[in-house]
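A short write-up of the structure that comes next.
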Amino acid sequence: MMKKADSAHPAPITVPVRQAEQATGSPAQQGFRQAILDVENLRERLRDLRAEQAEARRRYWQQVGPAATAVVAARHALYAPLEEALLLSYFSRLEEQQITAVILGNARNLEERFGEDEAAIIGKYAPVSHRSTAKSATSAAGNSASESDSRYVPDPTLPPHEQAAAAARARRKTKAQRQQDAAAQAAQADQKQLESNTKTIYRQLARTHHPDLERDPEKQADKTAQMQRITEAYEADDLYTLLQLLAESGPADAAADDVLARYTRALLQQQIQLKQEMNELKYGPNGFITASGKKQELELRQLKRDLRAEAEYVQHIGRLVSEADGLREVLRQLAAEGMDSI
């Protein structure tokens, strides 16, 4: 007999959640298993976040990319008439200084907002004191700058402007950021050293599970099967399986616990790095809002309108500055508004 609709209860909805194993073994074994579980969960969340960010980035550049490209092209087109004006004897020294400021402002705008590499223009027109300061800072950074550049690997899935912006940010890393990177690299080196040490884990397991050390026939058969798993993992250089076997080993062993404690510390460091990477994806300069709500759509539309208006305005300025009188009028307007760049 069917229940009445008003008395029927919906079936409970269950969502599969990965849970930690039952706490067994020594504290070191439990801590290692939990650390492995936490790392796996963080990696899964990071994969999902990367997929969401990639889709958000694709939608963003599909809508905004053409408008941004138009602005960049319009601003690049300003260089030729402005540099040509500096070669004429038509303008006063003060006006030439204004023109130089406009060139520099345009270059910095392109670099900071769109990631364009304008180092040549800035180096050409920046004041001598700024050039010498920049040169000394570059030489002081020395290998650090080259290391930053060598660490940056372009992502071919990103649009050209975003690739350029990421490269520019890598070049502009602060001293504190470089120190953080160095510390992270040192931690990664320690972790790699641990990961390459399969022989130590194998010997540790062999001392516990070697069948020749067991006299009871039934236990000897169990240890023979276990030793076969250990040997196969060692021959395959499968550190993960070896560590899992070590964490599943029977009675607590001080030497085994010490090994597991070392690897647990490495896994905890890996968790920190994974969380930092997730925060960088969410909140860093390359982060993208993954929601697709109405507010975001409105913001994207407004951004496109602003970029289109900027491109039209810069193109208009470009037509004006192509003539000497027009450029002089633009310089007057900028001075009247207390501005030194477009």
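Residue numbers start at 1 in each chain; chains themselves are named A, B, ... in the order of the structure tokens; ligands are numbered from 1 in the order shown.
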Practice problem: Might you pull out every residue within 9 Å of Lys304 (chain A), with only C-alpha atoms counted and same-chain residues fewer than 6 positions away left off, and present them as a PyMOL selection string? | Solution: chain A and resi 63-68
Output C-alpha atoms for every residue in the selection just made, as a PDB file, in the first residue's frame.
ATOM      1  CA  GLN A  63      34.786  38.789 -23.710  1.00  0.00           C
ATOM      2  CA  VAL A  64      37.476  41.294 -22.697  1.00  0.00           C
ATOM      3  CA  GLY A  65      40.455  40.233 -24.820  1.00  0.00           C
ATOM      4  CA  PRO A  66      39.530  42.025 -28.066  1.00  0.00           C
ATOM      5  CA  ALA A  67      38.848  45.324 -26.274  1.00  0.00           C
ATOM      6  CA  ALA A  68      42.137  45.113 -24.338  1.00  0.00           C
TER       7      ALA A  68
END
Nearest residue to Leu46 (chain A) from the set A:Glu83, A:Glu297, A:Glu112, A:Glu280 (distances using only C-alpha atoms):
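Comparing A:Glu83, A:Glu297, A:Glu112, A:Glu280 against Leu46 (chain A), the winner is A:Glu280.
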Compile the contact shell of region 85-87 of chain A as JSON, numbers by chain: residues with an atom at most 10 Å away, counting only C-alpha atoms, same-chain residues fewer than 2 positions apart removed.
-> {"A": [79, 80, 81, 82, 83, 89, 90, 91, 92, 93, 95, 96, 97, 99, 100, 321, 322, 323, 324, 327]}
Would you save the residues of that selection, restricted to C-alpha atoms, as a CSV table (one decimal), in the first residue's frame?
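And here is the file that came out, again22.csv:
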chain,number,residue,atom,x,y,z
A,79,TYR,CA,55.0,56.3,-29.7
A,80,ALA,CA,55.8,57.2,-33.3
A,81,PRO,CA,54.4,60.7,-33.5
A,82,LEU,CA,55.5,61.6,-30.0
A,83,GLU,CA,59.1,60.4,-30.6
A,89,SER,CA,62.8,72.1,-33.2
A,90,TYR,CA,59.2,73.3,-33.1
A,91,PHE,CA,58.6,72.7,-29.3
A,92,SER,CA,60.1,74.5,-26.3
A,93,ARG,CA,62.2,72.7,-23.8
A,95,GLU,CA,57.1,71.1,-24.0
A,96,GLU,CA,59.7,68.5,-24.8
A,97,GLN,CA,59.8,67.6,-21.2
A,99,ILE,CA,56.2,65.0,-24.4
A,100,THR,CA,58.8,62.8,-22.7
A,321,VAL,CA,49.4,64.4,-31.9
A,322,SER,CA,50.3,63.5,-35.4
A,323,GLU,CA,50.2,67.2,-36.1
A,324,ALA,CA,52.4,69.7,-34.2
A,327,LEU,CA,50.1,67.9,-30.0
Discussion item. Rounded to one decimal, what separation in Å do you get between CA of Tyr283 (chain A) and CA of Tyr60 (chain A)?
Written reply: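 Interatomic distance here is 16.1 Å.
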Skipping near chain neighbours, those fewer than 5 positions away, what residues fall within 8 Å of region 121-126 of chain A using only C-alpha atoms, listed as a list in words?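 So the residues in contact are Thr100, Ile103, Leu104, Ala107, Arg108 and Arg131 of chain A.
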Q: Compare A:Leu281, A:Val330, A:Leu246, A:Leu320 by their minimum atom-to-atom distance to Ala51 (chain A), counting only C-alpha atoms, and give me the closest one.
A: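 Closest to Ala51 (chain A) of all the choices is A:Leu281.
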Neighbours of Ala236 (chain A) within 12 Å (only C-alpha atoms; same-chain residues fewer than 6 positions away dropped), as a PyMOL selection string? chain A and resi 198-199+202+229-230+242
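Taking CA of Lys275 (chain A) and CA of Ala28 (chain A) as the two end points, the separation is 23.2 Å.
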**OP:** Can you work out the spacing between CA of Met227 (chain A) and CA of Leu268 (chain A) in Å, to one decimal?
**Re:**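 Separating CA of Met227 (chain A) from CA of Leu268 (chain A) is a distance of 28.9 Å.
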Tell me, as an mmCIF file with N, CA and C atoms, in the first residue's frame, which residues lie within 12 Å of Arg45 (chain A), counting only C-alpha atoms; anything in the same chain fewer than 5 positions away does not count.
data_model
loop_
_atom_site.group_PDB
_atom_site.id
_atom_site.type_symbol
_atom_site.label_atom_id
_atom_site.label_comp_id
_atom_site.auth_asym_id
_atom_site.auth_seq_id
_atom_site.Cartn_x
_atom_site.Cartn_y
_atom_site.Cartn_z
ATOM 1 N N ASP A 38 45.423 14.106 3.932
ATOM 2 C CA ASP A 38 45.261 15.554 3.777
ATOM 3 C C ASP A 38 45.880 16.053 2.475
ATOM 4 N N VAL A 39 47.056 15.523 2.130
ATOM 5 C CA VAL A 39 47.715 15.922 0.882
ATOM 6 C C VAL A 39 46.865 15.517 -0.318
ATOM 7 N N GLU A 40 46.318 14.304 -0.293
ATOM 8 C CA GLU A 40 45.482 13.840 -1.413
ATOM 9 C C GLU A 40 44.240 14.723 -1.553
ATOM 10 N N ARG A 50 41.880 24.652 -10.304
ATOM 11 C CA ARG A 50 42.550 24.991 -11.568
ATOM 12 C C ARG A 50 41.587 24.883 -12.743
ATOM 13 N N ALA A 51 40.758 23.849 -12.721
ATOM 14 C CA ALA A 51 39.782 23.686 -13.811
ATOM 15 C C ALA A 51 38.790 24.846 -13.810
ATOM 16 N N GLU A 52 38.316 25.252 -12.603
ATOM 17 C CA GLU A 52 37.381 26.374 -12.511
ATOM 18 C C GLU A 52 38.028 27.672 -12.981
ATOM 19 N N GLN A 271 51.676 20.274 2.299
ATOM 20 C CA GLN A 271 50.334 20.831 2.508
ATOM 21 C C GLN A 271 50.363 22.357 2.516
ATOM 22 N N LEU A 274 50.710 23.543 -1.005
ATOM 23 C CA LEU A 274 49.468 23.376 -1.758
ATOM 24 C C LEU A 274 48.444 24.449 -1.370
ATOM 25 N N LYS A 275 48.355 24.759 -0.074
ATOM 26 C CA LYS A 275 47.428 25.807 0.371
ATOM 27 C C LYS A 275 47.845 27.172 -0.167
ATOM 28 N N GLU A 277 49.450 27.693 -2.916
ATOM 29 C CA GLU A 277 49.131 27.698 -4.345
ATOM 30 C C GLU A 277 47.643 27.944 -4.577
ATOM 31 N N MET A 278 46.805 27.361 -3.723
ATOM 32 C CA MET A 278 45.364 27.595 -3.842
ATOM 33 C C MET A 278 45.017 29.053 -3.559
ATOM 34 N N ASN A 279 45.636 29.633 -2.521
ATOM 35 C CA ASN A 279 45.376 31.042 -2.204
ATOM 36 C C ASN A 279 45.848 31.953 -3.333
ATOM 37 N N LEU A 281 45.961 31.150 -6.487
ATOM 38 C CA LEU A 281 44.986 31.010 -7.565
ATOM 39 C C LEU A 281 43.716 31.808 -7.275
#
Excluding Ala256 (chain A) and any residue of its chain fewer than 4 positions from it, enumerate the residues within 10 Å of it, using only C-alpha atoms, and give them as a list in words.
->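 Everything that qualifies: Ala28, Gln29, Ile201, Gln204, Leu205, Thr208, Leu243, Leu246, Ala247, Ser249, Ala252, Leu260 and Ala261 of chain A.
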